[in-house]
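Enquirer: Hey, dropping query29.txt in here, compact mmCIF, C-alpha atoms:
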```txt
# COMPACT_ATOMS: atom_id res chain seq x y z
CA ALA A 1 91.19 88.78 83.03
CA LEU A 2 88.58 86.17 82.55
CA THR A 3 85.79 87.30 84.74
CA ALA A 4 83.95 90.48 85.34
CA GLY A 5 84.13 89.76 89.01
CA ALA A 6 87.88 89.90 88.83
CA VAL A 7 87.46 93.15 86.95
CA ALA A 8 85.50 94.80 89.77
CA PHE A 9 86.47 92.72 92.78
CA ALA A 10 89.10 94.81 94.54
CA ALA A 11 87.39 98.17 94.40
CA PHE A 12 84.07 96.96 95.74
CA PHE A 13 85.79 95.04 98.52
CA ALA A 14 87.51 98.22 99.61
CA LEU A 15 84.23 100.15 99.58
CA ASN A 16 81.93 97.63 101.23
CA ASP A 17 81.82 96.39 104.83
CA ASP A 18 79.52 93.44 104.16
CA PRO A 19 81.08 90.44 105.98
CA GLU A 20 80.10 88.08 103.16
CA LEU A 21 81.88 90.33 100.65
CA ARG A 22 84.97 90.42 102.87
CA ARG A 23 84.98 86.62 103.11
CA ALA A 24 84.70 86.36 99.32
CA ALA A 25 87.56 88.82 98.89
CA ARG A 26 89.82 86.99 101.31
CA ALA A 27 89.08 83.74 99.51
CA GLY A 28 89.66 85.35 96.10
CA ASP A 29 86.17 84.22 95.11
CA ALA A 30 85.06 86.62 92.38
CA MET A 31 81.87 84.68 91.73
CA ALA A 32 80.83 84.97 95.39
CA TRP A 33 81.52 88.68 95.18
CA LEU A 34 79.32 88.99 92.07
CA ARG A 35 76.54 86.99 93.73
CA VAL A 36 76.47 89.21 96.80
CA GLU A 37 77.23 92.59 95.22
CA PHE A 38 74.66 92.24 92.45
CA GLN A 39 72.09 90.27 94.46
CA LEU A 40 72.07 87.15 92.29
CA ASN A 41 69.93 84.19 93.24
CA ALA A 42 71.38 80.68 92.94
CA ALA A 43 70.13 80.17 89.37
CA GLN A 44 71.47 83.54 88.22
CA ALA A 45 74.82 82.92 89.90
CA ALA A 46 75.11 79.51 88.24
CA ALA A 47 74.26 80.97 84.84
CA VAL A 48 76.81 83.78 85.26
CA LYS A 49 79.46 81.27 86.34
CA GLN A 50 78.75 79.18 83.24
CA LEU A 51 79.12 82.27 81.02
CA HIS A 52 82.43 83.10 82.69
CA ASP A 53 83.69 79.55 82.36
CA ASP A 54 82.74 79.45 78.68
CA TYR A 55 84.23 82.89 77.99
CA SER A 56 87.54 82.08 79.69
CA VAL A 57 88.60 79.97 76.70
CA GLN A 58 87.89 82.78 74.24
CA CYS A 59 89.57 85.33 76.51
CA GLY A 60 92.69 83.18 76.75
CA GLU A 61 92.81 82.91 72.97
CA HIS A 62 92.58 86.69 72.61
CA CYS A 63 95.33 87.27 75.16
CA ALA A 64 97.59 84.72 73.48
CA ALA A 65 97.03 86.27 70.04
CA ILE A 66 97.81 89.79 71.31
CA MET A 67 100.92 88.67 73.18
CA ALA A 68 102.16 86.66 70.20
CA ALA A 69 101.64 89.61 67.85
CA ARG A 70 103.55 91.93 70.19
CA GLU A 71 106.37 89.43 70.68
CA ARG A 72 106.92 89.00 66.96
CA GLY A 73 106.79 92.73 66.36
CA ALA A 74 103.58 92.73 64.34
CA PRO A 75 102.55 96.02 62.76
CA ALA A 76 100.68 98.36 65.08
CA ALA A 77 97.55 98.05 62.96
CA GLU A 78 97.48 94.29 63.46
CA VAL A 79 97.92 94.59 67.22
CA ALA A 80 95.21 97.25 67.34
CA ARG A 81 92.85 95.01 65.38
CA LEU A 82 93.48 92.11 67.81
CA GLU A 83 92.93 94.43 70.78
CA ALA A 84 89.67 95.66 69.26
CA VAL A 85 88.49 92.08 68.83
CA CYS A 86 89.28 91.50 72.51
CA VAL A 87 87.47 94.62 73.70
CA ASN A 88 84.43 93.81 71.58
CA ALA A 89 84.32 90.26 72.94
CA MET A 90 84.69 91.48 76.54
CA THR A 91 81.91 94.00 76.00
CA ARG A 92 79.57 91.34 74.57
CA HIS A 93 80.46 89.02 77.47
CA PHE A 94 79.76 91.68 80.09
CA GLU A 95 76.46 92.54 78.40
CA ALA A 96 75.48 88.85 78.46
CA VAL A 97 76.36 88.69 82.18
CA ALA A 98 74.34 91.84 82.87
CA ALA A 99 71.32 90.35 81.08
CA LEU A 100 71.26 87.54 83.65
CA MET A 101 71.16 89.92 86.61
CA PRO A 102 68.11 91.31 88.42
CA ALA A 103 66.56 94.47 87.00
CA GLY A 104 68.74 97.46 87.77
CA GLN A 105 71.69 95.35 88.91
CA GLY A 106 72.75 94.59 85.34
CA GLN A 107 72.83 98.30 84.54
CA ARG A 108 74.90 98.98 87.66
CA TYR A 109 77.25 96.15 86.72
CA LEU A 110 77.74 97.55 83.21
CA ALA A 111 78.31 101.04 84.62
CA THR A 112 81.07 99.49 86.75
CA VAL A 113 82.87 97.37 84.16
CA LEU A 114 82.38 98.99 80.75
CA PRO A 115 84.40 102.15 81.48
CA LYS A 116 87.38 99.91 82.21
CA VAL A 117 86.98 98.02 78.94
CA SER A 118 86.86 101.06 76.68
CA GLY A 119 90.39 102.19 77.55
CA TYR A 120 91.91 98.80 78.30
CA SER A 121 95.59 98.59 77.32
CA HIS A 122 95.91 94.77 77.32
CA THR A 123 98.88 94.70 79.70
CA GLY A 124 97.20 92.71 82.47
CA ALA A 125 93.83 91.87 83.88
CA PRO A 126 91.50 94.87 83.86
CA ASN A 127 90.43 96.08 87.28
CA LEU A 128 88.65 99.01 88.87
CA ARG A 129 91.63 100.54 90.63
CA VAL A 130 93.77 101.10 87.60
CA ASN A 131 92.96 101.16 83.94
CA PRO A 132 96.30 100.01 82.50
```
Translate the structure described by the file into structure tokens.
Expert:
Amino acid sequence: ALTAGAVAFAAFFALNDDPELRRAARAGDAMAWLRVEFQLNAAQAAAVKQLHDDYSVQCGEHCAAIMAARERGAPAAEVARLEAVCVNAMTRHFEAVAALMPAGQGQRYLATVLPKVSGYSHTGAPNLRVNP
């Protein structure tokens, strides 16, 4: 749930025969997948990793708030507000990641991940195979 790589990882692995991508998939290395799939150089990959690491704290807080609200039976409007905060934060995060990518790759990355964010149901980590 924390990284865009995890968001897109499985689908691109299934569609790509690149040996480096397959190694990254087997290792569960979403950052390696992002580096190869979106042609990041070492500096870009390091900057994206730092964004993901920083965002993981915020993402965890959003997940905890949504789960807590659901568990205590909060009104639907409150849960919806928390979910909207989460979606907005994910969108901003993905846009920041895309801005670090080479020209054209950032747009392709956003075209991959943003459709999954818009209809995200907050029941598990978003991915490209299923939009829960």
Enquirer: Can you tell me which residues surround Ile66 (chain A) at a distance of at most 8 Å, considering all atoms listed in the file, apart from same-chain residues fewer than 3 positions away, and format the answer as an mmCIF file with C-alpha atoms, in the frame of the given file?
Expert:
```cif
data_model
loop_
_atom_site.group_PDB
_atom_site.id
_atom_site.type_symbol
_atom_site.label_atom_id
_atom_site.label_comp_id
_atom_site.auth_asym_id
_atom_site.auth_seq_id
_atom_site.Cartn_x
_atom_site.Cartn_y
_atom_site.Cartn_z
ATOM 1 C CA HIS A 62 92.580 86.690 72.610
ATOM 2 C CA CYS A 63 95.330 87.270 75.160
ATOM 3 C CA ALA A 69 101.640 89.610 67.850
ATOM 4 C CA ARG A 70 103.550 91.930 70.190
ATOM 5 C CA VAL A 79 97.920 94.590 67.220
ATOM 6 C CA LEU A 82 93.480 92.110 67.810
ATOM 7 C CA GLU A 83 92.930 94.430 70.780
#
```
Enquirer: Residues near Cys59 (chain A), anyone? I mean within 9 Å using only C-alpha atoms, not counting same-chain ones fewer than 2 positions away, as a ChimeraX atom specification.
Expert: /A:1-2,55-57,61-64,86,89-90
Enquirer: To one decimal in Å, tell me the separation between CA of Ala99 (chain A) and CA of Ser118 (chain A).
Expert: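 These atoms are spaced 19.4 Å apart.
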Enquirer: Between A:Val85, A:Ala47, A:His52, A:Tyr120, which is the closest to Ala65 (chain A) once you count all atoms listed in the file?
Expert: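 That would be A:Val85, the residue with the smallest distance to Ala65 (chain A).
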Enquirer: Just checking: using all atoms listed in the file, which residue out of A:Val97, A:Arg81, A:Pro75, A:Pro102 ends up closest to Lys49 (chain A)?
Expert: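 So, comparing all the options, the nearest one is A:Val97.
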Enquirer: Kindly give the distance, in Å, that separates CA of Gln50 (chain A) and CA of Leu34 (chain A), rounded to a single decimal.
Expert: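 Computing it gives 13.2 Å between the two atoms.
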Enquirer: With all atoms listed in the file as the counted atoms, please give the residues lying no more than 8 Å from region 41-44 of chain A, apart from itself and same-chain residues fewer than 3 positions off, as a PDB file with C-alpha atoms, keeping the file's coordinate frame.
Expert:
```
ATOM      1  CA  ARG A  35      76.540  86.990  93.730  1.00  0.00           C
ATOM      2  CA  ALA A  47      74.260  80.970  84.840  1.00  0.00           C
ATOM      3  CA  VAL A  48      76.810  83.780  85.260  1.00  0.00           C
ATOM      4  CA  LEU A 100      71.260  87.540  83.650  1.00  0.00           C
ATOM      5  CA  MET A 101      71.160  89.920  86.610  1.00  0.00           C
TER       6      MET A 101
END
```
Enquirer: Could you please determine the separation between CA of Ala68 (chain A) and CA of Glu95 (chain A) in Å, to one decimal place?
Expert: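 Separating CA of Ala68 (chain A) from CA of Glu95 (chain A) is a distance of 27.6 Å.
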Enquirer: Name the closest residue to Arg108 (chain A) among the candidates A:Ala30, A:Asp54, A:Ala74, A:Phe94; distances are taken between atoms, counting all atoms listed in the file.
Expert: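 Closest to Arg108 (chain A) of all the choices is A:Phe94.
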